[in-house]
Amino acid sequence: MVKSSIGQINSNFNGYERLAELSSQLAACEFEEIELDFSRCAWFDANMSAALGAVLAHVSDRFNDIKITGLQPDLEKILAKNRFLVGYGYTPRSDTYGSTLPYRRLQPDDER
């Protein structure tokens, strides 16, 4: 098992740099179980779901299983509302106020 801790991720240089480091850390993984531990993540800008999703899609494409753990309740709520967590075994939550943009993983042949 490969375990990686996710710290605070903001929509700035440091946030993108941390996700690039995560991508480098997981680049050689194949047929692994990967645990992303969010227990030290007090804040994650929801729009960074797209960047994290791109990293995890690349990791998943190499036959790795990804498990997300340690989510704080508020962070889990927002990432479940935007549907990012659905692909990782979490139940989606309704967005009563329409305040989130849904996360989607698009394929190159997706005509939408």
# chains A, B, ... in the order shown; residues from 1 in each chain; ligands from 1
$ residues_around --residues "Ala51 of chain A" --least-positions-apart "4" --cutoff "9 Å" --atoms "only C-alpha atoms" --output "number ranges by chain"
A: 16, 19, 47, 55-56
$ select_by_dssp --residues "chain A" --states "strand (DSSP E)" --output "VMD selection string"
chain A and resid 2 to 5 33 to 37 65 to 69
$ closest_residue --among "A:Leu75, A:Ala42, A:Gly70, A:Arg104" --to "Ala57 of chain A" --atoms "only C-alpha atoms"
A:Arg104
$ closest_residue --among "A:Tyr88, A:Phe13, A:Phe31, A:Trp43" --to "Pro73 of chain A" --atoms "only C-alpha atoms"
A:Trp43
$ atom_distance --atom1 "atom CA of Ser60 of chain A" --atom2 "atom CA of Glu33 of chain A"
10.1 Å
$ closest_residue --among "A:Asp74, A:Glu21, A:Asp45, A:Asp109" --to "Ser5 of chain A" --atoms "only C-alpha atoms"
A:Glu21
$ closest_residue --among "A:Ala54, A:Ile9, A:Leu79, A:Leu22" --to "Ile34 of chain A" --atoms "only C-alpha atoms"
A:Leu22
$ residues_around --residues "Ile66 of chain A" --least-positions-apart "2" --cutoff "12 Å" --atoms "only C-alpha atoms" --output "VMD selection string"
chain A and resid 1 to 4 26 29 to 37 53 55 to 64 68 to 69 85 87 to 89
$ write_last_selection --atoms "C-alpha atoms" --output "tab-separated table (two decimals), in the first residue's frame"
chain	number	residue	atom	x	y	z
A	1	MET	CA	0.00	0.00	0.00
A	2	VAL	CA	1.14	3.51	-0.85
A	3	LYS	CA	-0.06	6.24	1.50
A	4	SER	CA	0.06	9.94	0.77
A	26	LEU	CA	2.53	8.33	-7.57
A	29	CYS	CA	2.70	3.13	-9.09
A	30	GLU	CA	1.09	0.25	-10.94
A	31	PHE	CA	-1.33	-2.33	-9.54
A	32	GLU	CA	-1.12	-0.68	-6.10
A	33	GLU	CA	-3.61	0.28	-3.44
A	34	ILE	CA	-3.18	3.99	-2.86
A	35	GLU	CA	-4.56	5.75	0.19
A	36	LEU	CA	-4.97	9.53	0.09
A	37	ASP	CA	-5.17	10.70	3.68
A	53	GLY	CA	-9.09	14.49	-10.52
A	55	VAL	CA	-3.82	13.43	-11.21
A	56	LEU	CA	-5.99	10.58	-9.91
A	57	ALA	CA	-7.28	9.69	-13.38
A	58	HIS	CA	-3.70	9.26	-14.56
A	59	VAL	CA	-2.95	7.12	-11.50
A	60	SER	CA	-6.13	5.03	-11.97
A	61	ASP	CA	-5.32	4.41	-15.61
A	62	ARG	CA	-2.30	2.40	-14.41
A	63	PHE	CA	-4.56	-0.11	-12.60
A	64	ASN	CA	-4.22	1.42	-9.15
A	68	ILE	CA	-9.72	8.51	0.13
A	69	THR	CA	-9.63	8.64	3.93
A	85	LEU	CA	-16.13	11.72	-4.09
A	87	GLY	CA	-16.09	7.64	-7.75
A	88	TYR	CA	-14.37	6.78	-4.47
A	89	GLY	CA	-17.27	5.12	-2.68
$ atom_distance --atom1 "atom CA of Leu71 of chain A" --atom2 "atom CA of Tyr90 of chain A"
11.0 Å
$ select_by_dssp --residues "chain A" --states "alpha helix (DSSP H)" --output "ChimeraX atom specification"
/A:13-26,49-60,73-81
$ atom_distance --atom1 "atom CA of Gly98 of chain A" --atom2 "atom CA of Phe84 of chain A"
15.5 Å
$ decode --residues "segment 60-100 of chain A" --atoms "N, CA and C atoms" --output "short mmCIF file (atom, residue, chain, number, x, y, z; two decimals), in the first residue's frame"
data_model
loop_
_atom_site.label_atom_id
_atom_site.label_comp_id
_atom_site.auth_asym_id
_atom_site.auth_seq_id
_atom_site.Cartn_x
_atom_site.Cartn_y
_atom_site.Cartn_z
N SER A 60 -5.16 6.13 -11.79
CA SER A 60 -6.13 5.03 -11.97
C SER A 60 -5.93 4.30 -13.28
N ASP A 61 -5.52 5.01 -14.30
CA ASP A 61 -5.32 4.41 -15.61
C ASP A 61 -4.19 3.38 -15.60
N ARG A 62 -3.38 3.38 -14.54
CA ARG A 62 -2.30 2.40 -14.41
C ARG A 62 -2.70 1.29 -13.43
N PHE A 63 -4.01 1.02 -13.36
CA PHE A 63 -4.56 -0.11 -12.60
C PHE A 63 -4.32 -0.01 -11.10
N ASN A 64 -4.34 1.19 -10.58
CA ASN A 64 -4.22 1.42 -9.15
C ASN A 64 -5.60 1.62 -8.55
N ASP A 65 -5.80 1.14 -7.33
CA ASP A 65 -7.03 1.39 -6.58
C ASP A 65 -6.76 2.56 -5.65
N ILE A 66 -7.67 3.54 -5.65
CA ILE A 66 -7.49 4.74 -4.84
C ILE A 66 -8.55 4.76 -3.76
N LYS A 67 -8.10 4.99 -2.54
CA LYS A 67 -8.99 5.10 -1.39
C LYS A 67 -8.76 6.45 -0.74
N ILE A 68 -9.83 7.20 -0.51
CA ILE A 68 -9.72 8.51 0.13
C ILE A 68 -10.19 8.36 1.57
N THR A 69 -9.33 8.78 2.51
CA THR A 69 -9.63 8.64 3.93
C THR A 69 -9.38 9.94 4.67
N GLY A 70 -9.88 10.01 5.90
CA GLY A 70 -9.56 11.11 6.81
C GLY A 70 -10.21 12.44 6.49
N LEU A 71 -11.27 12.44 5.71
CA LEU A 71 -11.91 13.71 5.35
C LEU A 71 -12.62 14.34 6.56
N GLN A 72 -12.36 15.61 6.77
CA GLN A 72 -13.10 16.36 7.78
C GLN A 72 -14.55 16.50 7.29
N PRO A 73 -15.53 16.54 8.19
CA PRO A 73 -16.94 16.58 7.78
C PRO A 73 -17.28 17.70 6.78
N ASP A 74 -16.77 18.91 7.00
CA ASP A 74 -17.10 20.02 6.08
C ASP A 74 -16.50 19.80 4.70
N LEU A 75 -15.30 19.26 4.66
CA LEU A 75 -14.67 18.99 3.38
C LEU A 75 -15.37 17.85 2.66
N GLU A 76 -15.73 16.82 3.39
CA GLU A 76 -16.48 15.72 2.78
C GLU A 76 -17.80 16.22 2.21
N LYS A 77 -18.45 17.10 2.93
CA LYS A 77 -19.75 17.63 2.48
C LYS A 77 -19.62 18.35 1.14
N ILE A 78 -18.65 19.23 1.01
CA ILE A 78 -18.53 20.00 -0.24
C ILE A 78 -18.06 19.12 -1.39
N LEU A 79 -17.15 18.17 -1.13
CA LEU A 79 -16.67 17.30 -2.21
C LEU A 79 -17.69 16.22 -2.57
N ALA A 80 -18.64 15.97 -1.69
CA ALA A 80 -19.75 15.07 -2.02
C ALA A 80 -20.82 15.85 -2.79
N LYS A 81 -20.98 17.13 -2.46
CA LYS A 81 -21.95 17.95 -3.20
C LYS A 81 -21.53 18.14 -4.65
N ASN A 82 -20.24 18.33 -4.89
CA ASN A 82 -19.81 18.54 -6.28
C ASN A 82 -19.56 17.22 -7.01
N ARG A 83 -19.83 16.10 -6.32
CA ARG A 83 -19.79 14.75 -6.86
C ARG A 83 -18.38 14.21 -7.10
N PHE A 84 -17.36 14.89 -6.61
CA PHE A 84 -15.99 14.41 -6.77
C PHE A 84 -15.80 13.07 -6.07
N LEU A 85 -16.36 12.91 -4.89
CA LEU A 85 -16.13 11.72 -4.09
C LEU A 85 -16.92 10.50 -4.54
N VAL A 86 -17.87 10.67 -5.43
CA VAL A 86 -18.74 9.57 -5.85
C VAL A 86 -17.93 8.40 -6.41
N GLY A 87 -16.91 8.69 -7.17
CA GLY A 87 -16.09 7.64 -7.75
C GLY A 87 -15.19 6.92 -6.75
N TYR A 88 -15.21 7.37 -5.50
CA TYR A 88 -14.37 6.78 -4.47
C TYR A 88 -15.19 6.19 -3.33
N GLY A 89 -16.43 5.83 -3.64
CA GLY A 89 -17.27 5.12 -2.68
C GLY A 89 -18.09 5.98 -1.75
N TYR A 90 -18.09 7.27 -1.94
CA TYR A 90 -18.87 8.16 -1.08
C TYR A 90 -20.24 8.42 -1.72
N THR A 91 -21.22 8.64 -0.89
CA THR A 91 -22.57 8.93 -1.35
C THR A 91 -22.66 10.41 -1.73
N PRO A 92 -23.24 10.71 -2.90
CA PRO A 92 -23.38 12.13 -3.26
C PRO A 92 -24.38 12.82 -2.34
N ARG A 93 -24.19 14.09 -2.16
CA ARG A 93 -25.13 14.89 -1.36
C ARG A 93 -25.80 15.89 -2.27
N SER A 94 -27.02 16.23 -1.94
CA SER A 94 -27.73 17.20 -2.76
C SER A 94 -27.19 18.60 -2.48
N ASP A 95 -27.20 19.41 -3.51
CA ASP A 95 -26.75 20.79 -3.43
C ASP A 95 -27.99 21.68 -3.39
N THR A 96 -28.55 21.81 -2.23
CA THR A 96 -29.82 22.53 -2.03
C THR A 96 -29.80 23.94 -2.60
N TYR A 97 -28.68 24.62 -2.47
CA TYR A 97 -28.60 26.02 -2.89
C TYR A 97 -27.96 26.22 -4.27
N GLY A 98 -27.62 25.15 -4.94
CA GLY A 98 -27.01 25.26 -6.26
C GLY A 98 -25.69 26.00 -6.23
N SER A 99 -24.89 25.77 -5.20
CA SER A 99 -23.65 26.52 -5.01
C SER A 99 -22.40 25.80 -5.50
N THR A 100 -22.56 24.61 -6.09
CA THR A 100 -21.38 23.89 -6.57
C THR A 100 -21.51 23.58 -8.05
#
